[in-house]
Amino acid sequence: AQKVTQAQTEISVVEKEDVTLDCVYETRDTTYYLFWYKQPPSGELVFLIRRNSFDEQNEISGRYSWNFQKSTSSFNFTITASQVVDSAVYFCALSAYGGATNKLIFGTGTLLAVQP
Amino acid sequence: GAGVSQTPSNKVTEKGKYVELRCDPISGHTALYWYRQSLGQGPEFLIYFQGTGAADDSGLPNDRFFAVRPEGSVSTLKIQRTERGDSAVYLCASSLGMGGTETQYFGPGTRLLVL
């Protein structure tokens with residue numbers, strides 16, 4: 001069975017602090033994709049990144065970086081120098097490759113509050 | 001270009017009533033997905049369309065839920081005999097539909113409240 005665990009329910013930081021959001025996944029598939037989405041108070045899910053299971057290189061995009069480690073089944077997300085606008089719920093998601101469905105399996109999300 | 005749009009943004013109904021929720025995907029996207037998000041939870045998959053056909057409806061909770069996409073563009077999620085437990089945000093997403101695992105782009109959702 002596929003499962004995504006985001007153990008951190010809520011995190012509160014002060015602006016300019018670095019923060020890491022954890023994501024641990026379970027799957028029996030050898031090929032799969034991992035995603036991060038941001039859900040601000042407006043409610044719309046905003047796509048941040050997609051990573052396939054064969055690409056373990058870390059990725060950096062501005063203040064955002066992602067650390068994918070197959071050995072620990074983790075795909076963690078770090079925000080450097082956090083800003084108030086980063087306040088949102090962040091979801092990690094997993095999808096099997098190919099097959100009849102492209103459904104995403106989401107974790108329960110981490111609410112990040114960045115205080116000024 | 002325009003993103004995924006959903007109407008209505010909010011819907012209040014009474015227990016036992018019928019509701020329809022509409023999703024308009026990104027132009028050119030042939031794959032369309034419905035998810036349901038309860039308070040404090042991540043979205044849960046309901047159904048996936050490739051073109052006009054439902055390729056995977058394994059997430060529909062029971063036969064009160066039904067979705068259509070007759071022309072391969074707009075989709076309607078239909079809920080019969082609504083129950084209080086159906087209260088949630090219903091999210092629609094679309095992707096290119098070229099095959100493989102694609103990035104899904106989400107709409108703003110419809111917040112359904114069943115009294």
# chains A, B, ... in the order shown; residues from 1 in each chain; ligands from 1

call {"tool": "interface_residues", "arguments": {"of": "chain A", "to": "chain B", "cutoff": "12 Å", "atoms": "only C-alpha atoms", "output": "compact mmCIF listing (two decimals) with N, CA and C atoms, in the first residue's frame"}}
result
# COMPACT_ATOMS: atom_id res chain seq x y z
N LYS A 3 1.61 5.14 1.15
CA LYS A 3 1.29 6.00 2.28
C LYS A 3 2.30 7.13 2.37
N VAL A 4 1.83 8.29 2.79
CA VAL A 4 2.71 9.44 3.01
C VAL A 4 2.48 9.93 4.43
N THR A 5 3.56 10.11 5.16
CA THR A 5 3.47 10.57 6.55
C THR A 5 4.18 11.90 6.72
N GLN A 6 3.43 12.87 7.21
CA GLN A 6 4.01 14.16 7.58
C GLN A 6 3.78 14.30 9.08
N THR A 9 2.66 18.34 12.57
CA THR A 9 1.33 18.89 12.32
C THR A 9 1.41 20.40 12.13
N GLU A 10 2.14 21.06 13.04
CA GLU A 10 2.29 22.51 12.98
C GLU A 10 3.71 22.90 13.32
N THR A 31 9.21 2.49 -9.42
CA THR A 31 9.17 3.79 -10.10
C THR A 31 8.00 4.58 -9.55
N TYR A 32 8.26 5.75 -9.08
CA TYR A 32 7.20 6.57 -8.49
C TYR A 32 7.63 8.03 -8.54
N TYR A 33 6.67 8.89 -8.23
CA TYR A 33 6.93 10.32 -8.21
C TYR A 33 6.52 10.89 -6.86
N LEU A 34 7.24 11.91 -6.46
CA LEU A 34 6.95 12.63 -5.23
C LEU A 34 6.70 14.10 -5.56
N PHE A 35 5.80 14.69 -4.81
CA PHE A 35 5.41 16.07 -5.06
C PHE A 35 5.34 16.83 -3.74
N TRP A 36 5.50 18.14 -3.84
CA TRP A 36 5.14 19.04 -2.76
C TRP A 36 4.19 20.10 -3.32
N TYR A 37 3.15 20.35 -2.52
CA TYR A 37 2.20 21.40 -2.84
C TYR A 37 2.07 22.33 -1.64
N LYS A 38 1.76 23.59 -1.94
CA LYS A 38 1.52 24.60 -0.91
C LYS A 38 0.05 24.98 -0.95
N GLN A 39 -0.58 25.06 0.22
CA GLN A 39 -1.99 25.48 0.29
C GLN A 39 -2.09 26.70 1.20
N PRO A 40 -2.08 27.90 0.60
CA PRO A 40 -2.21 29.12 1.41
C PRO A 40 -3.64 29.24 1.94
N PRO A 41 -3.88 30.22 2.78
CA PRO A 41 -5.24 30.38 3.35
C PRO A 41 -6.34 30.49 2.30
N SER A 42 -6.02 30.92 1.11
CA SER A 42 -7.04 31.00 0.05
C SER A 42 -7.57 29.62 -0.34
N GLY A 43 -6.80 28.58 -0.05
CA GLY A 43 -7.28 27.22 -0.26
C GLY A 43 -6.80 26.51 -1.50
N GLU A 44 -6.28 27.23 -2.47
CA GLU A 44 -5.87 26.58 -3.71
C GLU A 44 -4.51 25.90 -3.55
N LEU A 45 -4.40 24.68 -3.99
CA LEU A 45 -3.13 23.95 -3.92
C LEU A 45 -2.21 24.44 -5.02
N VAL A 46 -1.02 24.85 -4.62
CA VAL A 46 -0.04 25.37 -5.57
C VAL A 46 1.10 24.37 -5.70
N PHE A 47 1.37 23.95 -6.92
CA PHE A 47 2.43 23.00 -7.19
C PHE A 47 3.79 23.63 -6.92
N LEU A 48 4.68 22.88 -6.23
CA LEU A 48 6.02 23.36 -5.97
C LEU A 48 7.07 22.55 -6.70
N ILE A 49 7.01 21.22 -6.61
CA ILE A 49 8.04 20.39 -7.21
C ILE A 49 7.53 18.99 -7.47
N ARG A 50 8.09 18.35 -8.49
CA ARG A 50 7.87 16.95 -8.79
C ARG A 50 9.22 16.29 -8.95
N ARG A 51 9.38 15.11 -8.34
CA ARG A 51 10.65 14.40 -8.42
C ARG A 51 10.39 12.93 -8.66
N ASN A 52 11.11 12.31 -9.64
CA ASN A 52 10.92 10.89 -9.86
C ASN A 52 11.91 10.09 -9.04
N SER A 53 11.59 8.83 -8.86
CA SER A 53 12.34 7.97 -7.93
C SER A 53 13.75 7.66 -8.39
N VAL A 89 -0.26 25.70 4.55
CA VAL A 89 -0.17 24.27 4.81
C VAL A 89 0.58 23.65 3.64
N TYR A 90 1.55 22.84 3.93
CA TYR A 90 2.35 22.19 2.89
C TYR A 90 2.07 20.70 2.88
N PHE A 91 1.80 20.20 1.68
CA PHE A 91 1.49 18.79 1.51
C PHE A 91 2.54 18.09 0.67
N CYS A 92 2.92 16.93 1.12
CA CYS A 92 3.76 16.03 0.36
C CYS A 92 2.84 14.97 -0.25
N ALA A 93 3.12 14.54 -1.48
CA ALA A 93 2.25 13.56 -2.13
C ALA A 93 3.08 12.57 -2.94
N LEU A 94 2.50 11.41 -3.16
CA LEU A 94 3.16 10.30 -3.84
C LEU A 94 2.26 9.79 -4.96
N SER A 95 2.86 9.42 -6.08
CA SER A 95 2.09 8.83 -7.16
C SER A 95 2.89 7.70 -7.78
N ALA A 96 2.22 6.59 -8.05
CA ALA A 96 2.86 5.50 -8.76
C ALA A 96 3.07 5.91 -10.20
N TYR A 97 4.02 5.30 -10.87
CA TYR A 97 4.27 5.64 -12.26
C TYR A 97 3.41 4.77 -13.17
N GLY A 98 2.76 5.41 -14.14
CA GLY A 98 2.02 4.67 -15.14
C GLY A 98 0.81 3.96 -14.58
N GLY A 99 0.40 2.89 -15.22
CA GLY A 99 -0.78 2.17 -14.79
C GLY A 99 -2.04 2.89 -15.21
N ALA A 100 -3.16 2.48 -14.65
CA ALA A 100 -4.44 3.03 -15.05
C ALA A 100 -4.78 4.34 -14.36
N THR A 101 -4.02 4.69 -13.37
CA THR A 101 -4.39 5.86 -12.59
C THR A 101 -3.17 6.73 -12.34
N ASN A 102 -3.39 8.00 -12.20
CA ASN A 102 -2.33 8.92 -11.80
C ASN A 102 -2.66 9.56 -10.47
N LYS A 103 -3.43 8.86 -9.64
CA LYS A 103 -3.89 9.50 -8.41
C LYS A 103 -2.73 9.83 -7.48
N LEU A 104 -2.90 10.92 -6.78
CA LEU A 104 -1.92 11.34 -5.78
C LEU A 104 -2.38 10.88 -4.41
N ILE A 105 -1.42 10.37 -3.64
CA ILE A 105 -1.66 10.03 -2.24
C ILE A 105 -1.01 11.12 -1.42
N PHE A 106 -1.81 11.86 -0.66
CA PHE A 106 -1.31 12.99 0.10
C PHE A 106 -1.06 12.63 1.55
N GLY A 107 -0.10 13.33 2.15
CA GLY A 107 0.03 13.30 3.59
C GLY A 107 -1.01 14.22 4.21
N THR A 108 -0.98 14.31 5.53
CA THR A 108 -1.97 15.13 6.24
C THR A 108 -1.57 16.60 6.30
N GLY A 109 -0.39 16.92 5.82
CA GLY A 109 0.00 18.32 5.74
C GLY A 109 0.69 18.84 6.98
N THR A 110 1.51 19.86 6.78
CA THR A 110 2.17 20.57 7.88
C THR A 110 1.80 22.04 7.78
N LEU A 111 1.22 22.56 8.85
CA LEU A 111 0.87 23.98 8.88
C LEU A 111 2.09 24.77 9.34

call {"tool": "atom_distance", "arguments": {"atom1": "atom CA of B:Glu14", "atom2": "atom CA of B:Val114"}}
result
5.3 Å

call {"tool": "atom_distance", "arguments": {"atom1": "atom CA of A:Glu15", "atom2": "atom CA of A:Ser65"}}
result
17.3 Å

call {"tool": "residues_around", "arguments": {"residues": "B:Gly53", "least_positions_apart": "5", "cutoff": "10 Å", "atoms": "only C-alpha atoms", "output": "list in words"}}
result
Ala31, Tyr48, Val68, Arg69, Pro70, Glu71 and Gly72 of chain B

call {"tool": "residues_around", "arguments": {"residues": "B:Phe66", "least_positions_apart": "3", "cutoff": "8 Å", "atoms": "only C-alpha atoms", "output": "PyMOL selection string"}}
result
chain B and resi 60+63+77-79

call {"tool": "closest_residue", "arguments": {"among": "B:Thr30, B:Asn62, B:Asn10, B:Thr52", "to": "B:Ser87", "atoms": "only C-alpha atoms"}}
result
B:Asn10

call {"tool": "atom_distance", "arguments": {"atom1": "atom CA of A:Val24", "atom2": "atom CA of A:Phe68"}}
result
10.0 Å

call {"tool": "select_by_dssp", "arguments": {"residues": "stretch 3-111 of chain B", "states": "strand (DSSP E or B)", "output": "PyMOL selection string"}}
result
chain B and resi 5-7+10-13+19-24+31-37+44-50+53-56+65-68+75-79+88-95+105-106+110-111

call {"tool": "write_last_selection", "arguments": {"atoms": "N, CA and C atoms", "output": "short mmCIF file (atom, residue, chain, number, x, y, z; two decimals), in the first residue's frame"}}
result
data_model
loop_
_atom_site.label_atom_id
_atom_site.label_comp_id
_atom_site.auth_asym_id
_atom_site.auth_seq_id
_atom_site.Cartn_x
_atom_site.Cartn_y
_atom_site.Cartn_z
N SER B 5 -10.90 26.12 -13.01
CA SER B 5 -11.94 26.87 -12.31
C SER B 5 -13.02 25.91 -11.81
N GLN B 6 -13.60 26.27 -10.68
CA GLN B 6 -14.64 25.43 -10.07
C GLN B 6 -15.79 26.32 -9.62
N THR B 7 -16.99 25.83 -9.87
CA THR B 7 -18.18 26.53 -9.40
C THR B 7 -19.17 25.55 -8.80
N ASN B 10 -18.80 28.05 -2.99
CA ASN B 10 -19.41 27.56 -1.76
C ASN B 10 -20.81 27.05 -2.08
N LYS B 11 -21.18 25.97 -1.38
CA LYS B 11 -22.52 25.41 -1.55
C LYS B 11 -23.02 24.94 -0.20
N VAL B 12 -24.18 25.47 0.18
CA VAL B 12 -24.82 25.00 1.41
C VAL B 12 -26.10 24.28 1.00
N THR B 13 -26.30 23.10 1.52
CA THR B 13 -27.48 22.34 1.18
C THR B 13 -28.00 21.62 2.42
N VAL B 19 -26.74 17.63 -5.13
CA VAL B 19 -25.89 18.75 -5.52
C VAL B 19 -25.02 18.39 -6.71
N GLU B 20 -24.68 19.41 -7.47
CA GLU B 20 -23.76 19.26 -8.59
C GLU B 20 -22.63 20.27 -8.44
N LEU B 21 -21.41 19.79 -8.60
CA LEU B 21 -20.24 20.64 -8.53
C LEU B 21 -19.55 20.60 -9.89
N ARG B 22 -19.13 21.76 -10.36
CA ARG B 22 -18.60 21.83 -11.72
C ARG B 22 -17.12 22.15 -11.72
N CYS B 23 -16.40 21.57 -12.67
CA CYS B 23 -14.97 21.82 -12.83
C CYS B 23 -14.67 22.10 -14.30
N ASP B 24 -13.95 23.18 -14.53
CA ASP B 24 -13.50 23.54 -15.87
C ASP B 24 -11.97 23.45 -15.89
N ALA B 31 -6.63 15.16 -19.02
CA ALA B 31 -6.80 14.40 -17.78
C ALA B 31 -7.41 15.31 -16.71
N LEU B 32 -8.37 14.75 -15.98
CA LEU B 32 -9.07 15.53 -14.96
C LEU B 32 -9.29 14.65 -13.72
N TYR B 33 -9.13 15.24 -12.55
CA TYR B 33 -9.20 14.50 -11.29
C TYR B 33 -10.12 15.23 -10.31
N TRP B 34 -10.80 14.45 -9.51
CA TRP B 34 -11.56 15.00 -8.38
C TRP B 34 -10.97 14.44 -7.08
N TYR B 35 -10.83 15.33 -6.10
CA TYR B 35 -10.38 14.97 -4.77
C TYR B 35 -11.34 15.58 -3.75
N ARG B 36 -11.34 15.02 -2.56
CA ARG B 36 -12.13 15.57 -1.46
C ARG B 36 -11.19 15.82 -0.29
N GLN B 37 -11.32 17.00 0.30
CA GLN B 37 -10.45 17.36 1.42
C GLN B 37 -11.30 17.72 2.63
N GLU B 44 -8.11 13.61 -0.70
CA GLU B 44 -8.27 12.19 -0.98
C GLU B 44 -8.86 12.02 -2.37
N PHE B 45 -8.26 11.14 -3.13
CA PHE B 45 -8.65 10.89 -4.50
C PHE B 45 -10.06 10.33 -4.61
N LEU B 46 -10.81 10.84 -5.57
CA LEU B 46 -12.15 10.32 -5.85
C LEU B 46 -12.20 9.61 -7.20
N ILE B 47 -11.85 10.35 -8.27
CA ILE B 47 -12.02 9.81 -9.61
C ILE B 47 -11.08 10.51 -10.57
N TYR B 48 -10.70 9.78 -11.62
CA TYR B 48 -9.77 10.29 -12.64
C TYR B 48 -10.38 10.03 -14.01
N PHE B 49 -10.43 11.09 -14.83
CA PHE B 49 -10.89 10.98 -16.20
C PHE B 49 -9.74 11.16 -17.17
N GLN B 50 -9.70 10.32 -18.18
CA GLN B 50 -8.83 10.56 -19.32
C GLN B 50 -9.78 10.76 -20.51
N GLY B 53 -13.83 9.34 -20.56
CA GLY B 53 -14.04 8.15 -19.75
C GLY B 53 -13.39 8.21 -18.39
N ALA B 54 -14.04 7.58 -17.42
CA ALA B 54 -13.48 7.48 -16.08
C ALA B 54 -12.47 6.33 -16.07
N ALA B 55 -11.18 6.67 -16.00
CA ALA B 55 -10.14 5.64 -16.01
C ALA B 55 -9.98 4.98 -14.65
N ASP B 56 -10.34 5.69 -13.60
CA ASP B 56 -10.22 5.14 -12.24
C ASP B 56 -11.24 5.84 -11.36
N PHE B 65 -22.27 9.01 -5.11
CA PHE B 65 -21.35 9.89 -5.81
C PHE B 65 -21.19 9.43 -7.26
N PHE B 66 -21.25 10.39 -8.16
CA PHE B 66 -21.11 10.08 -9.57
C PHE B 66 -20.50 11.28 -10.27
N ALA B 67 -19.68 11.04 -11.28
CA ALA B 67 -19.08 12.15 -12.02
C ALA B 67 -19.14 11.87 -13.50
N VAL B 68 -19.28 12.94 -14.28
CA VAL B 68 -19.34 12.82 -15.73
C VAL B 68 -18.43 13.85 -16.37
N SER B 75 -16.25 18.91 -16.26
CA SER B 75 -16.72 17.74 -15.52
C SER B 75 -17.68 18.19 -14.42
N THR B 76 -18.63 17.34 -14.13
CA THR B 76 -19.57 17.59 -13.04
C THR B 76 -19.54 16.44 -12.06
N LEU B 77 -19.35 16.77 -10.80
CA LEU B 77 -19.43 15.78 -9.72
C LEU B 77 -20.82 15.89 -9.12
N LYS B 78 -21.52 14.77 -9.05
CA LYS B 78 -22.90 14.76 -8.59
C LYS B 78 -23.01 13.95 -7.30
N ILE B 79 -23.68 14.51 -6.34
CA ILE B 79 -23.87 13.81 -5.07
C ILE B 79 -25.36 13.75 -4.79
N ALA B 88 -17.22 18.96 3.00
CA ALA B 88 -15.78 18.96 2.73
C ALA B 88 -15.52 19.97 1.63
N VAL B 89 -14.24 20.13 1.31
CA VAL B 89 -13.88 20.90 0.12
C VAL B 89 -13.61 19.90 -1.00
N TYR B 90 -14.26 20.11 -2.12
CA TYR B 90 -14.08 19.24 -3.28
C TYR B 90 -13.17 19.94 -4.27
N LEU B 91 -12.04 19.30 -4.51
CA LEU B 91 -11.00 19.88 -5.36
C LEU B 91 -10.97 19.18 -6.71
N CYS B 92 -10.76 19.97 -7.73
CA CYS B 92 -10.60 19.43 -9.07
C CYS B 92 -9.19 19.78 -9.54
N ALA B 93 -8.58 18.89 -10.29
CA ALA B 93 -7.26 19.13 -10.86
C ALA B 93 -7.24 18.65 -12.30
N SER B 94 -6.31 19.18 -13.07
CA SER B 94 -6.15 18.68 -14.44
C SER B 94 -4.68 18.57 -14.78
N SER B 95 -4.40 17.74 -15.77
CA SER B 95 -3.03 17.60 -16.27
C SER B 95 -3.10 17.37 -17.78
N TYR B 105 -2.60 20.23 -11.68
CA TYR B 105 -2.82 21.62 -11.30
C TYR B 105 -4.24 21.74 -10.75
N PHE B 106 -4.33 22.31 -9.57
CA PHE B 106 -5.59 22.30 -8.83
C PHE B 106 -6.37 23.60 -8.98
N THR B 110 -14.54 23.67 -4.23
CA THR B 110 -15.91 24.02 -3.83
C THR B 110 -16.09 23.55 -2.39
N ARG B 111 -16.44 24.48 -1.54
CA ARG B 111 -16.67 24.15 -0.12
C ARG B 111 -18.14 23.77 0.03
#

call {"tool": "residues_around", "arguments": {"residues": "A:Glu56", "least_positions_apart": "2", "cutoff": "7 Å", "atoms": "only C-alpha atoms", "output": "ChimeraX atom specification"}}
result
/A:54,58,68-69

call {"tool": "residues_around", "arguments": {"residues": "A:Asp86", "least_positions_apart": "4", "cutoff": "9 Å", "atoms": "only C-alpha atoms", "output": "list in words"}}
result
Lys38, Pro40, Ile79, Ser82, Leu112, Ala113 and Val114 of chain A

call {"tool": "select_by_dssp", "arguments": {"residues": "stretch 41-92 of chain A", "states": "helix (DSSP H, G or I)", "output": "PDB file with N, CA and C atoms, in the first residue's frame"}}
result
ATOM      1  N   LYS A  70      16.261   7.957  -0.932  1.00  0.00           N
ATOM      2  CA  LYS A  70      15.543   6.693  -1.067  1.00  0.00           C
ATOM      3  C   LYS A  70      15.857   5.757   0.079  1.00  0.00           C
ATOM      4  N   SER A  71      17.071   5.832   0.612  1.00  0.00           N
ATOM      5  CA  SER A  71      17.473   4.907   1.681  1.00  0.00           C
ATOM      6  C   SER A  71      16.601   5.050   2.917  1.00  0.00           C
ATOM      7  N   THR A  72      16.094   6.241   3.144  1.00  0.00           N
ATOM      8  CA  THR A  72      15.227   6.470   4.301  1.00  0.00           C
ATOM      9  C   THR A  72      13.795   6.787   3.878  1.00  0.00           C
ATOM     10  N   VAL A  84       6.966  35.789   5.917  1.00  0.00           N
ATOM     11  CA  VAL A  84       5.569  35.683   6.340  1.00  0.00           C
ATOM     12  C   VAL A  84       4.710  35.071   5.229  1.00  0.00           C
ATOM     13  N   VAL A  85       5.037  35.379   3.980  1.00  0.00           N
ATOM     14  CA  VAL A  85       4.260  34.853   2.840  1.00  0.00           C
ATOM     15  C   VAL A  85       4.394  33.341   2.681  1.00  0.00           C
ATOM     16  N   ASP A  86       5.352  32.753   3.391  1.00  0.00           N
ATOM     17  CA  ASP A  86       5.498  31.290   3.343  1.00  0.00           C
ATOM     18  C   ASP A  86       4.478  30.591   4.231  1.00  0.00           C
TER      19      ASP A  86
END
